[in-house]
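Asker: My structure is stored as work-v6.csv, with CSV, C-alpha atoms.
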```csv
chain,number,residue,atom,x,y,z
A,27,MET,CA,-23.0,21.9,-8.7
A,28,SER,CA,-24.4,20.4,-11.8
A,29,ILE,CA,-24.3,16.7,-12.8
A,30,LEU,CA,-22.0,17.6,-15.7
A,31,GLU,CA,-19.6,19.3,-13.3
A,32,ALA,CA,-19.7,16.3,-11.0
A,33,VAL,CA,-18.8,14.0,-14.0
A,34,LEU,CA,-15.9,16.2,-15.0
A,35,LEU,CA,-14.5,16.4,-11.5
A,36,GLY,CA,-15.0,12.6,-11.1
A,37,ILE,CA,-13.0,12.0,-14.3
A,38,ILE,CA,-10.2,14.3,-13.1
A,39,GLN,CA,-10.1,12.6,-9.7
A,40,GLY,CA,-10.1,9.1,-11.2
A,41,ILE,CA,-7.3,9.8,-13.7
A,42,THR,CA,-5.0,11.8,-11.4
A,43,GLU,CA,-5.4,9.9,-8.1
A,44,PHE,CA,-3.1,7.1,-9.2
A,45,LEU,CA,-0.7,9.2,-11.3
A,46,PRO,CA,2.1,11.1,-9.6
A,47,VAL,CA,0.5,14.4,-10.3
A,48,SER,CA,-1.6,15.4,-7.2
A,49,SER,CA,-5.3,14.8,-7.7
A,50,SER,CA,-6.2,17.3,-4.9
A,51,ALA,CA,-4.5,20.2,-6.7
A,52,HIS,CA,-6.1,19.3,-10.0
A,53,LEU,CA,-9.5,19.4,-8.3
A,54,VAL,CA,-8.7,22.8,-6.7
A,55,LEU,CA,-7.8,24.2,-10.2
A,56,ALA,CA,-10.9,22.7,-11.8
A,57,GLN,CA,-13.2,24.1,-9.1
A,58,GLN,CA,-11.6,27.5,-9.4
A,59,LEU,CA,-12.1,27.6,-13.2
A,60,LEU,CA,-15.6,26.3,-13.0
A,61,ASN,CA,-16.4,28.8,-10.2
A,62,ILE,CA,-17.8,26.1,-8.0
A,63,GLN,CA,-18.7,27.5,-4.5
A,64,ASN,CA,-16.5,26.4,-1.7
A,65,ASP,CA,-19.2,25.4,0.8
A,66,PRO,CA,-20.0,21.9,-0.5
A,67,THR,CA,-16.6,21.1,-2.0
A,68,ILE,CA,-15.1,19.5,1.1
A,69,LEU,CA,-17.8,16.8,1.3
A,70,PHE,CA,-17.8,16.5,-2.5
A,71,ASP,CA,-14.0,16.0,-2.6
A,72,LEU,CA,-14.5,13.3,0.1
A,73,SER,CA,-17.0,11.6,-2.0
A,74,LEU,CA,-14.6,11.6,-5.0
A,75,HIS,CA,-11.9,10.1,-2.8
A,76,LEU,CA,-14.4,7.5,-1.6
A,77,GLY,CA,-14.8,6.5,-5.2
A,78,THR,CA,-11.1,6.1,-5.9
A,79,LEU,CA,-10.8,4.3,-2.5
A,80,ALA,CA,-13.4,1.8,-3.6
A,81,ALA,CA,-11.6,1.3,-6.9
A,82,VAL,CA,-8.3,0.5,-5.3
A,83,ILE,CA,-9.9,-1.8,-2.7
A,84,TRP,CA,-11.8,-3.7,-5.4
A,85,PHE,CA,-8.7,-3.9,-7.7
A,86,PHE,CA,-6.5,-5.3,-5.0
A,87,HIS,CA,-9.2,-7.2,-3.0
A,88,LYS,CA,-7.4,-10.5,-3.3
A,89,ASP,CA,-4.2,-9.0,-1.9
A,90,LEU,CA,-6.1,-7.0,0.7
A,91,ARG,CA,-7.8,-10.2,1.9
A,92,LYS,CA,-4.5,-11.9,2.3
A,93,VAL,CA,-3.0,-8.8,4.0
A,94,ILE,CA,-5.9,-8.7,6.5
A,95,LEU,CA,-5.7,-12.4,7.3
A,96,SER,CA,-1.9,-12.0,7.7
A,97,LEU,CA,-2.5,-9.2,10.2
A,98,PHE,CA,-4.7,-11.5,12.3
A,99,GLY,CA,-2.1,-14.3,11.9
A,100,ILE,CA,0.6,-11.9,13.2
A,101,LEU,CA,-1.5,-10.9,16.1
A,102,GLN,CA,-2.3,-14.5,17.0
A,103,ASP,CA,1.4,-15.6,16.8
A,104,LEU,CA,2.5,-12.6,18.9
A,105,ILE,CA,0.0,-13.6,21.6
A,106,CYS,CA,1.1,-17.2,21.4
A,107,ASN,CA,4.8,-16.1,21.7
A,108,LEU,CA,3.9,-13.9,24.7
A,109,LYS,CA,2.3,-16.9,26.4
A,110,LEU,CA,5.4,-19.0,25.6
A,111,TRP,CA,7.6,-16.3,27.1
A,112,PHE,CA,5.8,-16.6,30.4
A,113,ARG,CA,5.8,-20.4,30.2
A,114,HIS,CA,9.6,-20.4,29.6
A,115,ARG,CA,10.1,-18.2,32.7
A,116,SER,CA,7.9,-20.4,34.9
A,117,THR,CA,8.7,-23.9,33.7
A,118,ASN,CA,12.0,-23.7,31.9
A,119,SER,CA,10.2,-25.0,28.8
A,120,GLU,CA,12.2,-25.0,25.5
A,121,GLU,CA,9.2,-24.9,23.2
A,122,PRO,CA,10.3,-22.8,20.2
A,123,TYR,CA,8.7,-19.4,19.4
A,124,ARG,CA,6.5,-19.0,16.3
A,125,LYS,CA,8.0,-17.2,13.4
A,126,VAL,CA,5.8,-14.1,13.1
A,127,LEU,CA,6.8,-12.8,9.7
A,128,SER,CA,6.8,-16.3,8.0
A,129,THR,CA,5.3,-15.3,4.6
A,130,ASN,CA,5.7,-12.6,2.0
A,131,TYR,CA,2.1,-11.4,2.8
A,132,ARG,CA,2.9,-11.2,6.5
A,133,ARG,CA,5.9,-9.0,5.8
A,134,LEU,CA,3.9,-6.9,3.4
A,135,ALA,CA,1.1,-6.4,6.0
A,136,PHE,CA,3.7,-5.6,8.7
A,137,MET,CA,5.4,-3.0,6.4
A,138,LEU,CA,2.1,-1.4,5.5
A,139,VAL,CA,1.4,-0.9,9.2
A,140,ILE,CA,4.8,0.7,9.7
A,141,SER,CA,4.2,3.0,6.8
A,142,ALA,CA,0.8,4.1,8.1
A,143,ILE,CA,2.2,5.4,11.4
A,144,PRO,CA,4.4,8.3,10.1
A,145,THR,CA,1.8,9.0,7.4
A,146,ALA,CA,-0.8,9.5,10.0
A,147,VAL,CA,1.4,11.6,12.4
A,148,ILE,CA,2.8,13.9,9.7
A,149,GLY,CA,-0.6,14.2,8.0
A,150,PHE,CA,-2.2,15.3,11.2
A,151,LEU,CA,0.5,17.7,12.2
A,152,MET,CA,0.5,19.4,8.7
A,153,ARG,CA,-3.3,19.6,8.4
A,154,GLY,CA,-3.4,23.2,9.4
A,155,ILE,CA,-0.8,24.1,6.8
A,156,ALA,CA,-2.7,22.1,4.2
A,157,VAL,CA,-5.9,24.1,4.8
A,158,LEU,CA,-4.1,27.3,4.2
A,159,ALA,CA,-2.4,25.9,1.1
A,160,PHE,CA,-5.9,25.1,-0.4
A,161,GLU,CA,-6.9,28.7,-0.2
A,162,SER,CA,-5.0,29.8,-3.3
A,163,LEU,CA,-3.5,28.3,-6.5
A,164,LEU,CA,0.0,29.8,-5.8
A,165,MET,CA,1.0,27.3,-3.1
A,166,PRO,CA,-0.1,24.2,-5.0
A,167,GLY,CA,1.8,25.5,-8.0
A,168,ILE,CA,5.0,25.8,-6.0
A,169,LEU,CA,4.5,22.4,-4.5
A,170,PHE,CA,4.2,20.8,-7.9
A,171,PHE,CA,7.9,21.7,-8.4
A,172,ILE,CA,8.7,19.7,-5.3
A,173,THR,CA,6.9,16.7,-6.7
A,174,ALA,CA,8.8,17.1,-9.9
A,175,VAL,CA,12.1,17.2,-8.1
A,176,MET,CA,11.2,14.0,-6.2
A,177,LEU,CA,10.3,12.2,-9.4
A,178,LEU,CA,13.5,13.4,-11.2
A,179,VAL,CA,15.6,12.1,-8.3
A,180,ALA,CA,13.8,8.8,-8.3
A,181,ASP,CA,14.3,8.5,-12.0
A,182,MET,CA,18.1,8.8,-11.6
A,183,VAL,CA,18.5,5.7,-9.3
A,184,PRO,CA,19.2,2.3,-10.8
A,185,LYS,CA,16.2,0.0,-11.2
A,186,GLY,CA,15.7,-1.9,-8.0
A,187,LYS,CA,14.7,-5.5,-7.4
A,188,LYS,CA,13.2,-5.4,-3.9
A,189,ILE,CA,9.9,-7.3,-3.2
A,190,PRO,CA,8.2,-7.9,0.2
A,191,ARG,CA,10.7,-10.5,1.4
A,192,ASN,CA,13.6,-8.0,0.8
A,193,MET,CA,11.9,-5.0,2.5
A,194,LYS,CA,13.3,-3.5,5.7
A,195,PRO,CA,11.4,-1.5,8.3
A,196,GLY,CA,13.4,1.6,7.3
A,197,ASP,CA,12.0,1.4,3.8
A,198,ALA,CA,8.5,1.4,5.1
A,199,VAL,CA,9.2,4.3,7.4
A,200,ILE,CA,10.6,6.5,4.6
A,201,ALA,CA,7.7,5.7,2.3
A,202,GLY,CA,5.3,6.6,5.1
A,203,VAL,CA,7.1,9.9,5.8
A,204,PHE,CA,7.0,10.8,2.1
A,205,GLN,CA,3.3,10.0,1.8
A,206,GLY,CA,2.5,12.0,5.0
A,207,CYS,CA,3.7,15.2,3.2
A,208,SER,CA,1.2,14.6,0.4
A,209,VAL,CA,-1.6,16.1,2.6
A,210,LEU,CA,-0.4,19.4,0.9
A,211,PRO,CA,-2.0,20.1,-2.5
A,212,GLY,CA,0.5,19.8,-5.2
A,213,ILE,CA,2.4,17.0,-3.4
A,214,SER,CA,1.2,13.8,-5.0
A,215,SER,CA,0.3,11.0,-2.6
A,216,PHE,CA,1.1,8.3,-5.2
A,217,GLY,CA,4.1,10.3,-6.5
A,218,THR,CA,5.7,10.6,-3.1
A,219,GLY,CA,5.1,7.0,-2.2
A,220,PHE,CA,6.3,5.8,-5.6
A,221,SER,CA,9.4,7.9,-5.4
A,222,ALA,CA,10.2,6.7,-1.9
A,223,CYS,CA,9.9,3.1,-3.0
A,224,LEU,CA,12.1,3.6,-6.0
A,225,LEU,CA,14.7,5.3,-3.9
A,226,ALA,CA,14.6,2.3,-1.5
A,227,GLY,CA,15.4,0.0,-4.4
A,228,PHE,CA,11.9,-1.5,-5.0
A,229,SER,CA,11.1,-3.1,-8.3
A,230,ARG,CA,9.0,-0.8,-10.5
A,231,LYS,CA,5.9,-3.0,-10.4
A,232,PHE,CA,6.1,-3.6,-6.6
A,233,ALA,CA,6.7,0.2,-6.0
A,234,VAL,CA,3.4,0.9,-7.8
A,235,LYS,CA,1.6,-1.8,-6.0
A,236,TYR,CA,3.0,-0.8,-2.5
A,237,SER,CA,2.2,2.9,-3.1
A,238,MET,CA,-1.4,2.1,-4.0
A,239,LEU,CA,-1.9,-0.2,-1.0
A,240,MET,CA,-0.2,2.3,1.3
A,241,SER,CA,-2.7,4.9,0.1
A,242,ILE,CA,-5.7,3.0,1.5
A,243,PRO,CA,-5.2,3.6,5.2
A,244,ALA,CA,-4.1,7.2,4.4
A,245,VAL,CA,-7.2,8.0,2.5
A,246,ILE,CA,-9.5,6.4,5.1
A,247,GLY,CA,-7.7,8.4,7.9
A,248,GLY,CA,-7.9,11.6,5.9
A,249,MET,CA,-11.6,11.1,5.2
A,250,ILE,CA,-12.4,10.5,8.9
A,251,LEU,CA,-10.4,13.6,9.8
A,252,GLU,CA,-12.1,15.8,7.3
A,253,LEU,CA,-15.6,14.5,8.3
A,254,THR,CA,-14.9,15.6,11.9
A,255,SER,CA,-14.2,19.1,10.7
A,256,VAL,CA,-17.4,19.5,8.8
A,257,SER,CA,-19.9,21.5,10.9
A,258,GLY,CA,-23.5,22.4,10.1
A,259,PRO,CA,-25.7,21.2,7.2
A,260,VAL,CA,-24.4,21.4,3.7
A,261,SER,CA,-26.8,22.0,0.9
A,262,ALA,CA,-25.9,20.1,-2.2
A,263,ASP,CA,-27.5,17.9,-4.9
A,264,PRO,CA,-27.2,14.3,-3.7
A,265,GLY,CA,-27.3,13.2,-7.4
A,266,ALA,CA,-24.1,15.1,-8.1
A,267,TYR,CA,-22.4,13.3,-5.2
A,268,ILE,CA,-23.5,9.9,-6.4
A,269,VAL,CA,-22.6,10.5,-10.0
A,270,GLY,CA,-19.2,12.0,-9.1
A,271,THR,CA,-18.4,9.1,-6.8
A,272,LEU,CA,-19.3,6.5,-9.4
A,273,VAL,CA,-17.4,8.2,-12.2
A,274,SER,CA,-14.3,8.6,-10.1
A,275,ALA,CA,-14.5,4.9,-9.0
A,276,VAL,CA,-14.9,3.6,-12.6
A,277,VAL,CA,-12.2,5.9,-14.1
A,278,ALA,CA,-9.8,5.1,-11.2
A,279,PHE,CA,-10.2,1.4,-11.6
A,280,PHE,CA,-9.0,1.6,-15.2
A,281,SER,CA,-6.3,4.1,-14.3
A,282,ILE,CA,-4.9,1.6,-11.8
A,283,ARG,CA,-4.9,-1.2,-14.4
A,284,THR,CA,-3.3,1.1,-17.0
A,285,MET,CA,-0.6,2.3,-14.5
A,286,LEU,CA,0.4,-1.2,-13.7
A,287,ARG,CA,0.7,-2.1,-17.3
A,288,ILE,CA,2.8,0.9,-18.4
A,289,VAL,CA,4.9,1.3,-15.3
A,290,SER,CA,8.0,-0.5,-16.8
A,291,GLY,CA,7.8,1.6,-19.9
A,292,ILE,CA,7.3,5.2,-18.7
A,293,LYS,CA,10.0,6.9,-16.7
A,294,PRO,CA,9.2,9.1,-13.7
A,295,ARG,CA,10.8,12.1,-15.5
A,296,VAL,CA,7.8,12.2,-17.9
A,297,PHE,CA,5.5,13.0,-14.9
A,298,ALA,CA,8.1,15.3,-13.5
A,299,PHE,CA,8.0,17.4,-16.7
A,300,TYR,CA,4.2,17.4,-16.5
A,301,CYS,CA,4.3,18.6,-12.9
A,302,VAL,CA,6.6,21.5,-13.9
A,303,ILE,CA,4.2,22.5,-16.7
A,304,VAL,CA,1.1,22.3,-14.4
A,305,GLY,CA,3.0,24.1,-11.7
A,306,VAL,CA,3.6,27.0,-14.1
A,307,ILE,CA,-0.1,27.0,-15.1
A,308,PHE,CA,-1.2,27.1,-11.4
A,309,ILE,CA,1.1,30.0,-10.7
A,310,ALA,CA,-0.1,31.9,-13.8
A,311,VAL,CA,-3.7,31.3,-13.1
A,312,SER,CA,-3.3,32.4,-9.4
A,313,PHE,CA,-2.1,35.8,-10.6
A,314,ALA,CA,-4.7,36.0,-13.4
A,315,LEU,CA,-7.7,35.3,-11.1
```
Go ahead and express the file in the form of structure tokens.
Answerer:
Amino acid sequence: MSILEAVLLGIIQGITEFLPVSSSAHLVLAQQLLNIQNDPTILFDLSLHLGTLAAVIWFFHKDLRKVILSLFGILQDLICNLKLWFRHRSTNSEEPYRKVLSTNYRRLAFMLVISAIPTAVIGFLMRGIAVLAFESLLMPGILFFITAVMLLVADMVPKGKKIPRNMKPGDAVIAGVFQGCSVLPGISSFGTGFSACLLAGFSRKFAVKYSMLMSIPAVIGGMILELTSVSGPVSADPGAYIVGTLVSAVVAFFSIRTMLRIVSGIKPRVFAFYCVIVGVIFIAVSFAL
């Protein structure tokens, strides 16, 4: 893989990761058209996802810091409440329990944990199917139509107003289930999460933000899972890895900022039409190659 190819793939990954259009499928198509050998692509794709992961972590680092601190606060209060429960039983104490989800960030942290559970379970169970789907362009092309349908349905619902304090555990579960299916190429991780959030009545801006934050544990888990499946040495130019990772990180950072700015102006149906067009291209190319 040349440096130029790494730059191109890094740009594709950075642009498409945080658009509802499936970055994995775009990478598959680009690698097919560039005739890049399959041996090093798993690790290279992981490096590209590492770049976009770094971008979203950096962009939301203030929110993530508060989320992590909130998780520790939740754990601390749960332990304290457990001690109080034993104390009440032994001494008839009436000391009040601590309110665990006392702030918006604590609710957000709790909901992100709930979303991560079905995402991890479904992603793990569907991993074998995903491997088969990556072997041709036909399956991603068909799955693009599913992403398009989800976006069209989400576009039909009235604009919601939910923010963290209005979220319910069921909303988080549904979002996690939708995102778990995005392990398949052609099913957009951001698109499924965004659609689920809109269907649950989230405000547009919060739906984008929650979908991006929800992707962090999903990407980390996926990377760990893929790394465990890599066996034997892989010969590849480390320079291409570094360049691809840096390019995907920089492009993704600006893609996130752009998406947050335009989210109120662009309707999901625009991306749905794009997915239909790309799906047709994938299917046509699969028969042509």
Asker: Select, from A:Thr271, A:Gln205, A:Ser281, A:Ser48, the residue with the minimum atom-to-atom distance to Ala32 (chain A), counting only C-alpha atoms.
Answerer: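 Once distances to Ala32 (chain A) are computed over only C-alpha atoms, the minimum belongs to A:Thr271.
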Asker: Which residues are near Ile213 (chain A)? Cut-off 7 Å, all atoms listed in the file, ignore same chain within fewer than 5 positions. Put them as a list of chain:residue names.
Answerer: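 Everything that qualifies: A:Ser48, A:Leu169, A:Phe170, A:Thr173, A:Cys207, A:Ser208.
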Asker: Compare A:Tyr123, A:Leu59, A:His75, A:Tyr131 by their minimum atom-to-atom distance to Pro190 (chain A), counting all atoms listed in the file, and give me the closest one.
Answerer: A:Tyr131
Asker: Quick one, how far is CA of Lys88 (chain A) from CA of Gln39 (chain A)?
Answerer: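 Computing it gives 24.1 Å between the two atoms.
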Asker: Pick the closest to Cys301 (chain A) from A:Val203, A:Leu79, A:Leu74, A:Ile172: which is it, counting only C-alpha atoms?
Answerer: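 Smallest distance to Cys301 (chain A) is found for A:Ile172.
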Asker: Quick check, in Å to one decimal: how far apart do CA of Leu151 (chain A) and CA of Ala201 (chain A) lie?
Answerer: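 Atom-to-atom, CA of Leu151 (chain A) and CA of Ala201 (chain A) are spaced 17.1 Å apart.
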Asker: Mind giving me the straight-line distance from CA of Ala135 (chain A) to CA of Ala278 (chain A) in Å, one decimal?
Answerer: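 Taking CA of Ala135 (chain A) and CA of Ala278 (chain A), their separation equals 23.4 Å.
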Asker: Nearest residue to Ser221 (chain A) out of A:Met249, A:Gly167, A:Pro294, A:Gly270, using all atoms listed in the file?
Answerer: A:Pro294
Asker: In terms of the shortest atom-to-atom distance over all atoms listed in the file, which of A:Ile148, A:Ala56, A:Val82, A:Ala51 is closest to Val277 (chain A)?
Answerer: A:Val82
Asker: Restricting the calculation to all atoms listed in the file: of A:Leu101, A:Val234, A:Met176, A:Leu163, which residue gets closest to His52 (chain A)?
Answerer: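 Selected residue with least distance to His52 (chain A): A:Leu163.
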Asker: Which residues come within 9 Å of Ser274 (chain A), counting all atoms listed in the file, excluding same-chain residues fewer than 4 positions away, as an NGL selection string?
Answerer: :A and (33 or 35-41 or 74-78 or 81 or 269-270 or 278-279)
Asker: Go ahead and find all residues with at least one atom no further than 10 Å from (-6.2, 4.4, 1.6) in the file's coordinates, using all atoms listed in the file; report them as a ChimeraX atom specification.
Answerer: /A:75-76,78-80,82-83,142,237-249
Asker: Taking (-22.1, 17.8, -10.8) as a centre in this file's frame and 10 Å as the limit, can you find every polymer residue with an atom that close, using only C-alpha atoms, and give them as a VMD selection string?
Answerer: chain A and resid 27 to 36 62 70 262 to 270
Asker: Would you list the contacts of region 180-188 of chain A as a ChimeraX atom specification, taking every protein, DNA or RNA residue within 6 Å and counting only C-alpha atoms, but skipping same-chain residues closer than 4 positions in sequence?
Answerer: /A:192,221,224-225,227-229,294
Asker: Kindly save the residues from that selection, with C-alpha atoms included, as a short mmCIF file (atom, residue, chain, number, x, y, z; two decimals), in the frame of the given file.
Answerer:
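Full text of part-v1.cif as output:
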```cif
data_model
loop_
_atom_site.label_atom_id
_atom_site.label_comp_id
_atom_site.auth_asym_id
_atom_site.auth_seq_id
_atom_site.Cartn_x
_atom_site.Cartn_y
_atom_site.Cartn_z
CA ASN A 192 13.60 -8.00 0.80
CA SER A 221 9.40 7.90 -5.40
CA LEU A 224 12.10 3.60 -6.00
CA LEU A 225 14.70 5.30 -3.90
CA GLY A 227 15.40 0.00 -4.40
CA PHE A 228 11.90 -1.50 -5.00
CA SER A 229 11.10 -3.10 -8.30
CA PRO A 294 9.20 9.10 -13.70
#
```
Asker: With all atoms listed in the file as the counted atoms, please give the residues lying no more than 12 Å from Arg133 (chain A), apart from itself and same-chain residues fewer than 2 positions off, as number ranges by chain.
Answerer: A: 92-94, 96-97, 99-100, 125-131, 135-140, 189-195, 198
Asker: Could you list, as a ChimeraX atom specification, every residue within 7 Å of Ser162 (chain A), counting only C-alpha atoms and ignoring same-chain residues fewer than 3 positions away?
Answerer: /A:159,165,312
